file work.cif (mmCIF, C-alpha atoms)
data_target
#
loop_
_atom_site.group_PDB
_atom_site.id
_atom_site.type_symbol
_atom_site.label_atom_id
_atom_site.label_comp_id
_atom_site.auth_asym_id
_atom_site.auth_seq_id
_atom_site.Cartn_x
_atom_site.Cartn_y
_atom_site.Cartn_z
ATOM 1 C CA MET G 24 -60.268 -47.720 30.820
ATOM 2 C CA GLY G 25 -57.469 -48.768 28.571
ATOM 3 C CA ILE G 26 -54.388 -46.748 27.726
ATOM 4 C CA PHE G 27 -55.683 -45.954 24.258
ATOM 5 C CA ASP G 28 -58.945 -44.612 25.626
ATOM 6 C CA PHE G 29 -56.998 -42.434 28.015
ATOM 7 C CA LEU G 30 -54.828 -41.073 25.204
ATOM 8 C CA LYS G 31 -57.859 -40.450 23.032
ATOM 9 C CA ARG G 32 -59.726 -38.516 25.708
ATOM 10 C CA ASN G 33 -56.665 -36.509 26.743
ATOM 11 C CA GLN G 34 -55.072 -35.705 23.387
ATOM 12 C CA LYS G 35 -54.270 -32.117 24.291
ATOM 13 C CA LEU G 36 -52.706 -33.157 27.546
ATOM 14 C CA VAL G 37 -50.631 -35.817 25.799
ATOM 15 C CA VAL G 38 -49.447 -33.360 23.114
ATOM 16 C CA ALA G 39 -48.509 -30.843 25.780
ATOM 17 C CA ALA G 40 -46.606 -33.506 27.726
ATOM 18 C CA LEU G 41 -44.749 -34.585 24.584
ATOM 19 C CA LEU G 42 -43.784 -30.983 23.867
ATOM 20 C CA VAL G 43 -42.594 -30.538 27.445
ATOM 21 C CA LEU G 44 -40.346 -33.566 26.973
ATOM 22 C CA ALA G 45 -39.373 -33.004 23.343
ATOM 23 C CA VAL G 46 -38.250 -29.385 23.462
ATOM 24 C CA PRO G 47 -35.657 -29.722 26.238
ATOM 25 C CA SER G 48 -34.622 -33.100 24.818
ATOM 26 C CA TYR G 49 -33.877 -31.453 21.483
ATOM 27 C CA PHE G 50 -31.824 -28.714 23.095
ATOM 28 C CA ILE G 51 -29.957 -31.256 25.219
ATOM 29 C CA TYR G 52 -29.199 -33.350 22.148
ATOM 30 C CA ASP G 53 -28.129 -30.299 20.138
ATOM 31 C CA TYR G 54 -25.893 -29.100 22.967
ATOM 32 C CA THR G 55 -24.201 -32.456 23.467
ATOM 33 C CA GLN G 56 -23.736 -33.162 19.771
ATOM 34 C CA HIS G 57 -23.024 -29.753 18.238
ATOM 35 C CA ASN G 58 -21.673 -27.431 20.913
ATOM 36 C CA PRO G 59 -17.954 -27.869 21.662
ATOM 37 C CA ARG G 60 -18.459 -26.349 25.108
ATOM 38 C CA PHE G 61 -20.122 -29.614 26.130
ATOM 39 C CA CYS G 62 -16.672 -31.228 25.962
ATOM 40 C CA THR G 63 -15.444 -28.907 28.715
ATOM 41 C CA THR G 64 -17.860 -30.558 31.172
ATOM 42 C CA CYS G 65 -15.084 -33.147 31.373
ATOM 43 C CA HIS G 66 -12.121 -31.647 33.228
ATOM 44 C CA LEU G 67 -9.700 -33.402 30.867
ATOM 45 C CA MET G 68 -10.867 -31.396 27.866
ATOM 46 C CA SER G 69 -9.901 -27.895 28.988
ATOM 47 C CA ASP G 70 -6.610 -27.831 27.092
ATOM 48 C CA ALA G 71 -8.227 -29.414 24.033
ATOM 49 C CA TYR G 72 -10.963 -26.766 24.005
ATOM 50 C CA GLU G 73 -8.546 -23.861 24.380
ATOM 51 C CA THR G 74 -6.249 -25.015 21.558
ATOM 52 C CA TRP G 75 -9.270 -25.762 19.334
ATOM 53 C CA ASP G 76 -10.759 -22.326 20.043
ATOM 54 C CA ALA G 77 -7.489 -20.666 18.990
ATOM 55 C CA SER G 78 -7.086 -22.810 15.869
ATOM 56 C CA ALA G 79 -8.240 -22.406 12.274
ATOM 57 C CA MET G 80 -10.921 -25.047 12.982
ATOM 58 C CA HIS G 81 -12.751 -23.067 15.667
ATOM 59 C CA ASP G 82 -15.870 -22.697 13.474
ATOM 60 C CA LEU G 83 -16.378 -26.480 13.364
ATOM 61 C CA ASN G 84 -17.958 -28.546 16.087
ATOM 62 C CA CYS G 85 -16.067 -31.474 17.542
ATOM 63 C CA HIS G 86 -18.078 -34.172 15.771
ATOM 64 C CA LYS G 87 -17.171 -32.765 12.361
ATOM 65 C CA CYS G 88 -13.792 -34.446 12.813
ATOM 66 C CA HIS G 89 -14.289 -36.740 15.811
ATOM 67 C CA GLU G 90 -16.926 -39.210 14.735
ATOM 68 C CA SER G 91 -18.355 -41.849 17.079
ATOM 69 C CA ASP G 92 -21.446 -44.009 17.138
ATOM 70 C CA MET G 93 -23.967 -44.083 19.987
ATOM 71 C CA ILE G 94 -22.362 -47.084 21.702
ATOM 72 C CA GLU G 95 -18.931 -45.438 21.744
ATOM 73 C CA SER G 96 -20.422 -42.199 23.037
ATOM 74 C CA LEU G 97 -22.321 -43.932 25.862
ATOM 75 C CA ASP G 98 -19.230 -45.924 26.815
ATOM 76 C CA HIS G 99 -17.255 -42.698 26.980
ATOM 77 C CA VAL G 100 -19.871 -41.163 29.288
ATOM 78 C CA ARG G 101 -19.786 -44.288 31.473
ATOM 79 C CA GLU G 102 -15.995 -44.120 31.704
ATOM 80 C CA VAL G 103 -16.025 -40.461 32.732
ATOM 81 C CA ILE G 104 -18.770 -40.917 35.362
ATOM 82 C CA PHE G 105 -17.739 -44.168 36.983
ATOM 83 C CA GLU G 106 -13.970 -44.335 36.452
ATOM 84 C CA ASN G 107 -13.113 -40.612 36.697
ATOM 85 C CA PRO G 108 -9.914 -40.905 34.623
ATOM 86 C CA ASP G 109 -7.148 -38.351 35.134
ATOM 87 C CA THR G 110 -5.715 -38.716 31.604
ATOM 88 C CA VAL G 111 -7.201 -39.110 28.136
ATOM 89 C CA THR G 112 -6.797 -42.811 27.446
ATOM 90 C CA LYS G 113 -7.998 -43.032 23.863
ATOM 91 C CA LEU G 114 -5.760 -41.741 21.091
ATOM 92 C CA THR G 115 -7.470 -39.759 18.366
ATOM 93 C CA GLU G 116 -8.127 -41.651 15.163
ATOM 94 C CA ILE G 117 -9.236 -39.573 12.193
ATOM 95 C CA ASP G 118 -9.510 -41.178 8.782
ATOM 96 C CA ASN G 119 -8.048 -39.255 5.853
ATOM 97 C CA LYS G 120 -11.500 -39.126 4.272
ATOM 98 C CA VAL G 121 -12.656 -36.826 7.059
ATOM 99 C CA CYS G 122 -9.943 -34.326 6.101
ATOM 100 C CA GLU G 123 -10.448 -34.812 2.371
ATOM 101 C CA ASP G 124 -14.189 -34.140 2.656
ATOM 102 C CA CYS G 125 -13.260 -30.483 3.168
ATOM 103 C CA HIS G 126 -9.715 -30.107 1.852
ATOM 104 C CA ALA G 127 -9.968 -32.146 -1.346
ATOM 105 C CA ASN G 128 -13.529 -31.455 -2.498
ATOM 106 C CA ASN G 129 -12.874 -28.395 -4.725
ATOM 107 C CA ASP G 130 -14.861 -26.175 -2.356
ATOM 108 C CA PRO G 131 -13.051 -22.793 -2.321
ATOM 109 C CA GLN G 132 -14.126 -21.984 1.237
ATOM 110 C CA TRP G 133 -11.553 -24.550 2.429
ATOM 111 C CA LEU G 134 -7.873 -24.744 1.610
ATOM 112 C CA GLN G 135 -7.667 -27.287 -1.235
ATOM 113 C CA VAL G 136 -4.557 -29.467 -1.050
ATOM 114 C CA SER G 137 -4.904 -32.185 -3.686
ATOM 115 C CA ASN G 138 -3.072 -30.094 -6.323
ATOM 116 C CA THR G 139 -0.461 -28.569 -4.056
ATOM 117 C CA ALA G 140 3.153 -29.574 -4.598
ATOM 118 C CA GLY G 141 3.752 -30.756 -1.041
ATOM 119 C CA HIS G 142 0.649 -32.913 -0.702
ATOM 120 C CA LYS G 143 1.116 -34.437 -4.163
ATOM 121 C CA VAL G 144 4.578 -35.659 -3.181
ATOM 122 C CA HIS G 145 3.813 -36.673 0.385
ATOM 123 C CA ILE G 146 0.214 -37.944 0.172
ATOM 124 C CA PHE G 147 -1.479 -38.363 -3.176
ATOM 125 C CA THR G 148 1.310 -40.105 -5.107
ATOM 126 C CA GLN G 149 2.257 -42.605 -2.414
ATOM 127 C CA GLU G 150 1.381 -46.276 -2.840
ATOM 128 C CA GLU G 151 0.267 -46.380 0.789
ATOM 129 C CA GLU G 152 -1.355 -43.073 1.666
ATOM 130 C CA PRO G 153 0.043 -41.680 4.943
ATOM 131 C CA GLU G 154 -2.332 -40.392 7.614
ATOM 132 C CA CYS G 155 -3.040 -36.665 7.541
ATOM 133 C CA ILE G 156 -2.794 -36.511 11.326
ATOM 134 C CA GLY G 157 0.699 -38.005 11.039
ATOM 135 C CA CYS G 158 1.814 -34.457 10.231
ATOM 136 C CA HIS G 159 -1.149 -32.312 11.252
ATOM 137 C CA GLY G 160 -2.006 -34.038 14.522
ATOM 138 C CA ILE G 161 1.314 -33.978 16.345
ATOM 139 C CA GLN G 162 0.201 -31.246 18.743
ATOM 140 C CA LEU G 163 -3.232 -31.018 20.328
ATOM 141 C CA HIS G 164 -5.419 -29.013 17.913
ATOM 142 C CA VAL G 165 -2.367 -27.184 16.521
ATOM 143 C CA PHE G 166 -2.740 -28.162 12.887
ATOM 144 C CA GLU G 167 0.377 -26.546 11.401
ATOM 145 C CA PRO G 168 3.039 -29.260 11.608
ATOM 146 C CA PRO G 169 6.031 -28.388 13.804
ATOM 147 C CA GLU G 170 9.389 -28.327 12.052
ATOM 148 C CA GLU G 171 10.444 -31.545 13.788
ATOM 149 C CA THR G 172 7.813 -33.387 11.717
ATOM 150 C CA CYS G 173 9.872 -32.864 8.562
ATOM 151 C CA TYR G 174 13.008 -34.225 10.245
ATOM 152 C CA GLU G 175 11.430 -37.626 10.820
ATOM 153 C CA CYS G 176 11.923 -38.377 7.122
ATOM 154 C CA HIS G 177 14.274 -35.632 5.947
ATOM 155 C CA SER G 178 17.050 -36.039 8.489
ATOM 156 C CA VAL G 179 20.119 -35.119 6.401
ATOM 157 C CA ASP G 180 21.579 -31.762 7.439
ATOM 158 C CA HIS G 181 18.282 -30.523 8.852
ATOM 159 C CA GLU G 182 19.368 -30.524 12.468
ATOM 160 C CA ALA G 183 22.262 -28.257 11.537
ATOM 161 C CA ALA G 184 19.911 -26.105 9.471
ATOM 162 C CA SER G 185 17.519 -25.476 12.340
ATOM 163 C CA GLU G 186 20.364 -24.492 14.666
ATOM 164 C CA GLU G 187 22.310 -22.293 12.229
ATOM 165 C CA MET G 188 19.688 -20.837 9.908
ATOM 166 C CA ASN G 189 16.758 -20.662 12.332
ATOM 167 C CA VAL G 190 14.055 -21.000 9.675
ATOM 168 C CA HIS G 191 11.168 -23.426 9.249
ATOM 169 C CA CYS G 192 11.351 -25.786 6.277
ATOM 170 C CA VAL G 193 8.306 -24.184 4.634
ATOM 171 C CA VAL G 194 10.089 -20.807 4.397
ATOM 172 C CA CYS G 195 11.946 -22.249 1.398
ATOM 173 C CA HIS G 196 9.839 -25.276 0.530
ATOM 174 C CA GLU G 197 6.409 -23.809 -0.243
ATOM 175 C CA PHE G 198 4.346 -26.844 0.678
ATOM 176 C CA THR G 199 1.011 -25.563 -0.614
ATOM 177 C CA ALA G 200 2.392 -24.076 -3.817
ATOM 178 C CA THR G 201 0.784 -25.040 -7.117
ATOM 179 C CA GLU G 202 2.951 -23.076 -9.523
ATOM 180 C CA HIS G 203 6.279 -24.819 -8.899
ATOM 181 C CA GLU G 204 7.770 -27.868 -7.265
ATOM 182 C CA LEU G 205 8.981 -28.222 -3.694
ATOM 183 C CA ILE G 206 12.613 -27.575 -4.629
ATOM 184 C CA PRO G 207 12.886 -23.774 -4.550
ATOM 185 C CA PRO G 208 14.139 -22.116 -7.752
ATOM 186 C CA ARG G 209 16.921 -19.524 -7.789
ATOM 187 C CA ASP G 210 14.438 -16.641 -7.600
ATOM 188 C CA ASP G 211 13.115 -17.967 -4.288
ATOM 189 C CA CYS G 212 16.623 -17.888 -2.803
ATOM 190 C CA LEU G 213 17.134 -14.323 -4.014
ATOM 191 C CA ARG G 214 14.092 -13.073 -2.139
ATOM 192 C CA CYS G 215 16.175 -13.319 1.031
ATOM 193 C CA HIS G 216 19.693 -13.298 -0.393
ATOM 194 C CA GLU G 217 19.302 -10.668 -3.101
ATOM 195 C CA SER G 218 21.997 -8.429 -1.674
ATOM 196 C CA GLN G 219 23.854 -11.214 0.155
ATOM 197 C CA GLN G 220 24.020 -9.013 3.231
ATOM 198 C CA THR G 221 24.221 -12.082 5.424
ATOM 199 C CA MET G 222 27.551 -12.979 3.831
ATOM 200 C CA GLY G 223 28.894 -9.472 3.469
ATOM 201 C CA VAL G 224 29.652 -9.822 -0.248
ATOM 202 C CA SER G 225 28.283 -8.359 -3.430
ATOM 203 C CA PHE G 226 26.170 -10.300 -5.901
ATOM 204 C CA PRO G 227 26.616 -8.879 -9.431
ATOM 205 C CA SER G 228 23.612 -9.753 -11.563
ATOM 206 C CA ALA G 229 25.732 -11.423 -14.260
ATOM 207 C CA ALA G 230 27.802 -13.646 -11.950
ATOM 208 C CA HIS G 231 26.871 -17.329 -12.230
ATOM 209 C CA ASN G 232 23.529 -16.151 -13.513
ATOM 210 C CA ASN G 233 22.664 -19.510 -15.059
ATOM 211 C CA THR G 234 23.737 -21.548 -12.054
ATOM 212 C CA ALA G 235 21.286 -22.869 -9.471
ATOM 213 C CA CYS G 236 22.229 -21.764 -5.965
ATOM 214 C CA ASP G 237 22.313 -25.335 -4.671
ATOM 215 C CA ASN G 238 25.012 -26.215 -7.229
ATOM 216 C CA CYS G 239 27.442 -24.432 -4.929
ATOM 217 C CA HIS G 240 25.613 -24.075 -1.626
ATOM 218 C CA ASN G 241 24.164 -26.754 0.585
ATOM 219 C CA PRO G 242 20.928 -24.903 1.423
ATOM 220 C CA HIS G 243 20.662 -26.575 4.828
ATOM 221 C CA VAL G 244 24.053 -25.440 6.139
ATOM 222 C CA GLU G 245 25.141 -21.823 6.334
ATOM 223 C CA GLU G 246 28.596 -20.671 5.187
ATOM 224 C CA GLN G 247 29.327 -23.867 3.285
ATOM 225 C CA HIS G 248 29.821 -24.206 -0.447
ATOM 226 C CA THR G 249 31.050 -26.664 -3.042
ATOM 227 C CA GLU G 250 34.707 -26.539 -4.096
ATOM 228 C CA CYS G 251 35.010 -24.269 -7.140
ATOM 229 C CA VAL G 252 37.242 -26.737 -8.999
ATOM 230 C CA GLU G 253 34.340 -29.196 -9.245
ATOM 231 C CA CYS G 254 32.982 -26.968 -12.029
ATOM 232 C CA HIS G 255 36.041 -24.947 -13.027
ATOM 233 C CA THR G 256 38.063 -27.874 -14.331
ATOM 234 C CA GLU G 257 40.430 -25.927 -16.602
ATOM 235 C CA ASP G 258 44.133 -26.780 -16.332
ATOM 236 C CA LEU G 259 45.354 -25.337 -13.054
ATOM 237 C CA GLY G 260 48.771 -26.982 -13.196
ATOM 238 C CA GLY G 261 50.834 -23.883 -13.875
ATOM 239 C CA GLY G 262 51.012 -20.138 -13.464
ATOM 240 C CA LEU G 263 49.640 -18.355 -10.432
ATOM 241 C CA HIS G 264 47.070 -21.092 -9.766
ATOM 242 C CA ALA G 265 49.946 -23.466 -9.008
ATOM 243 C CA ALA G 266 51.414 -21.259 -6.294
ATOM 244 C CA PRO G 267 50.987 -22.771 -2.786
ATOM 245 C CA ALA G 268 49.511 -19.532 -1.468
ATOM 246 C CA HIS G 269 46.784 -19.658 -4.106
ATOM 247 C CA ASP G 270 45.184 -22.932 -3.062
ATOM 248 C CA ASP G 271 41.999 -21.269 -1.753
ATOM 249 C CA CYS G 272 39.888 -19.807 -4.561
ATOM 250 C CA ASN G 273 38.236 -17.363 -2.192
ATOM 251 C CA ASN G 274 41.557 -15.715 -1.399
ATOM 252 C CA CYS G 275 41.437 -14.101 -4.831
ATOM 253 C CA HIS G 276 37.921 -14.569 -6.180
ATOM 254 C CA VAL G 277 35.130 -12.757 -4.417
ATOM 255 C CA PRO G 278 32.131 -15.085 -4.033
ATOM 256 C CA HIS G 279 29.368 -14.383 -6.565
ATOM 257 C CA SER G 280 31.745 -12.348 -8.726
ATOM 258 C CA SER G 281 32.996 -13.891 -11.967
ATOM 259 C CA GLU G 282 36.293 -11.949 -12.024
ATOM 260 C CA PRO G 283 39.207 -11.788 -9.537
ATOM 261 C CA MET G 284 39.439 -8.511 -7.654
ATOM 262 C CA ARG G 285 42.588 -6.431 -7.327
ATOM 263 C CA ALA G 286 41.842 -5.954 -3.631
ATOM 264 C CA GLY G 287 42.138 -9.682 -3.136
ATOM 265 C CA CYS G 288 45.666 -9.700 -4.533
ATOM 266 C CA LEU G 289 46.714 -6.674 -2.527
ATOM 267 C CA SER G 290 45.481 -8.248 0.704
ATOM 268 C CA CYS G 291 48.579 -10.481 0.449
ATOM 269 C CA HIS G 292 50.865 -8.501 -1.823
ATOM 270 C CA THR G 293 50.867 -5.373 0.289
ATOM 271 C CA ASP G 294 54.122 -4.128 -1.266
ATOM 272 C CA ARG G 295 52.391 -3.782 -4.655
ATOM 273 C CA THR G 296 49.733 -1.294 -3.620
ATOM 274 C CA GLU G 297 50.998 1.359 -6.044
ATOM 275 C CA HIS G 298 51.952 -1.135 -8.728
ATOM 276 C CA GLY G 299 49.923 -0.933 -11.941
ATOM 277 C CA GLY G 300 47.637 1.820 -10.800
ATOM 278 C CA THR G 301 44.071 0.531 -10.527
ATOM 279 C CA ALA G 302 44.328 -2.126 -13.226
ATOM 280 C CA GLU G 303 43.359 -5.702 -12.417
ATOM 281 C CA CYS G 304 46.451 -7.760 -11.660
ATOM 282 C CA SER G 305 45.282 -10.513 -14.019
ATOM 283 C CA LEU G 306 45.737 -8.203 -17.013
ATOM 284 C CA CYS G 307 49.475 -8.817 -16.749
ATOM 285 C CA HIS G 308 49.863 -11.752 -14.424
ATOM 286 C CA GLY G 309 48.372 -14.795 -16.085
ATOM 287 C CA PHE G 310 46.997 -17.697 -14.080
ATOM 288 C CA GLY G 311 47.594 -20.252 -16.820
ATOM 289 C CA ALA G 312 50.761 -22.229 -17.440
#

call {"tool": "encode", "arguments": {"input": "work.cif", "output": "structure tokens"}}
result
Amino acid sequence: MGIFDFLKRNQKLVVAALLVLAVPSYFIYDYTQHNPRFCTTCHLMSDAYETWDASAMHDLNCHKCHESDMIESLDHVREVIFENPDTVTKLTEIDNKVCEDCHANNDPQWLQVSNTAGHKVHIFTQEEEPECIGCHGIQLHVFEPPEETCYECHSVDHEAASEEMNVHCVVCHEFTATEHELIPPRDDCLRCHESQQTMGVSFPSAAHNNTACDNCHNPHVEEQHTECVECHTEDLGGGLHAAPAHDDCNNCHVPHSSEPMRAGCLSCHTDRTEHGGTAECSLCHGFGA
């Protein structure tokens, strides 16, 4: 009796046998291909699973980002079984298209980045498009770039900024903003510095109101500002401005105030406390020639 005759006479038995094989095979395939817990069967993947599970990507299975063909997958299994490696030897390679399939497809369920100020400047307007994982893949499954990532290109003053100001770059530079550019406008500075409590000085609303903060302040270094005479170029060759003791503008002019304060004068001229009542000294004592 040939094989075909056997199959014909035992159709029910054959169907049952196929089901017995097919059902567990399906579940095995589904588990290995779509369940991230399968990765933990390799002892090297414990850290990767834990960081993935705590990340914003925890609803996606591994193969959504980590694509491999059957040959690569089988070779990986062979390596794990027969070589028992104690470190992950293959670096992750994820093409930008994998990221863009979700984050640049106009689907509102994912954060869309193609029109954000930061990604326009750093990715979508570059002649040679950088790799997404160059910023978002520095740490294992921690997708928010660490501050050090910015320093690789933007090195000027940033080391001092991180030590003195203790803020991440994106606190001021709203990377995913769509309504303005990466350079923060004056209003953004005032959200933190509205009362200037950190400097201990007042900030009258009319003082330098049309001046961008970074015209005077290097935003990456605290307690440093541009010399006033770079803007105030009027003739300072005579009068009180020429006096040796008046060589520091801040000795008389309170920062962020457009007028000199009597208290500033009296801090040096202590013998004139009662002189002139409460009038500003500049009403009588001119600073010009």

call {"tool": "resolve_selection", "arguments": {"input": "work.cif", "expression": "the PyMOL selection byres ((chain G and resi 43-56) around 12)", "output": "compact mmCIF listing (two decimals) with C-alpha atoms, in the coordinates of the input"}}
result
# COMPACT_ATOMS: atom_id res chain seq x y z
CA LEU G 36 -52.71 -33.16 27.55
CA VAL G 37 -50.63 -35.82 25.80
CA VAL G 38 -49.45 -33.36 23.11
CA ALA G 39 -48.51 -30.84 25.78
CA ALA G 40 -46.61 -33.51 27.73
CA LEU G 41 -44.75 -34.58 24.58
CA LEU G 42 -43.78 -30.98 23.87
CA HIS G 57 -23.02 -29.75 18.24
CA ASN G 58 -21.67 -27.43 20.91
CA PRO G 59 -17.95 -27.87 21.66
CA ARG G 60 -18.46 -26.35 25.11
CA PHE G 61 -20.12 -29.61 26.13
CA CYS G 62 -16.67 -31.23 25.96
CA THR G 63 -15.44 -28.91 28.72
CA THR G 64 -17.86 -30.56 31.17
CA LEU G 83 -16.38 -26.48 13.36
CA ASN G 84 -17.96 -28.55 16.09
CA CYS G 85 -16.07 -31.47 17.54
CA HIS G 86 -18.08 -34.17 15.77
CA LYS G 87 -17.17 -32.76 12.36
CA HIS G 89 -14.29 -36.74 15.81
CA GLU G 90 -16.93 -39.21 14.74
CA SER G 91 -18.36 -41.85 17.08
CA ASP G 92 -21.45 -44.01 17.14
CA MET G 93 -23.97 -44.08 19.99
CA SER G 96 -20.42 -42.20 23.04
CA LEU G 97 -22.32 -43.93 25.86
CA VAL G 100 -19.87 -41.16 29.29

call {"tool": "atom_distance", "arguments": {"input": "work.cif", "atom1": "atom CA of G:His276", "atom2": "atom CA of G:Asn232"}}
result
16.2 Å

call {"tool": "atom_distance", "arguments": {"input": "work.cif", "atom1": "atom CA of G:Val190", "atom2": "atom CA of G:Asp76"}}
result
26.9 Å

call {"tool": "residues_near_point", "arguments": {"input": "work.cif", "point": "(-11.5, -24.8, 1.2)", "cutoff": "12 Å", "atoms": "all atoms listed in the file", "output": "list in words"}}
result
Ala79, Met80, Cys122, Glu123, Asp124, Cys125, His126, Ala127, Asn128, Asn129, Asp130, Pro131, Gln132, Trp133, Leu134, Gln135, Val136 and Ser137 of chain G

call {"tool": "atom_distance", "arguments": {"input": "work.cif", "atom1": "atom CA of G:Leu289", "atom2": "atom CA of G:Thr249"}}
result
25.4 Å

call {"tool": "closest_residue", "arguments": {"input": "work.cif", "among": "G:Asn274, G:Thr293, G:Thr234, G:Thr139", "to": "G:His196", "atoms": "all atoms listed in the file"}}
result
G:Thr139

call {"tool": "axis_aligned_box", "arguments": {"input": "work.cif", "around": "stretch 93-101 of chain G", "padding_each_side": "3 Å", "output": "AutoDock Vina command-line options"}}
result
--center_x -20.6 --center_y -44.1 --center_z 25.7 --size_x 12.7 --size_y 11.9 --size_z 17.5
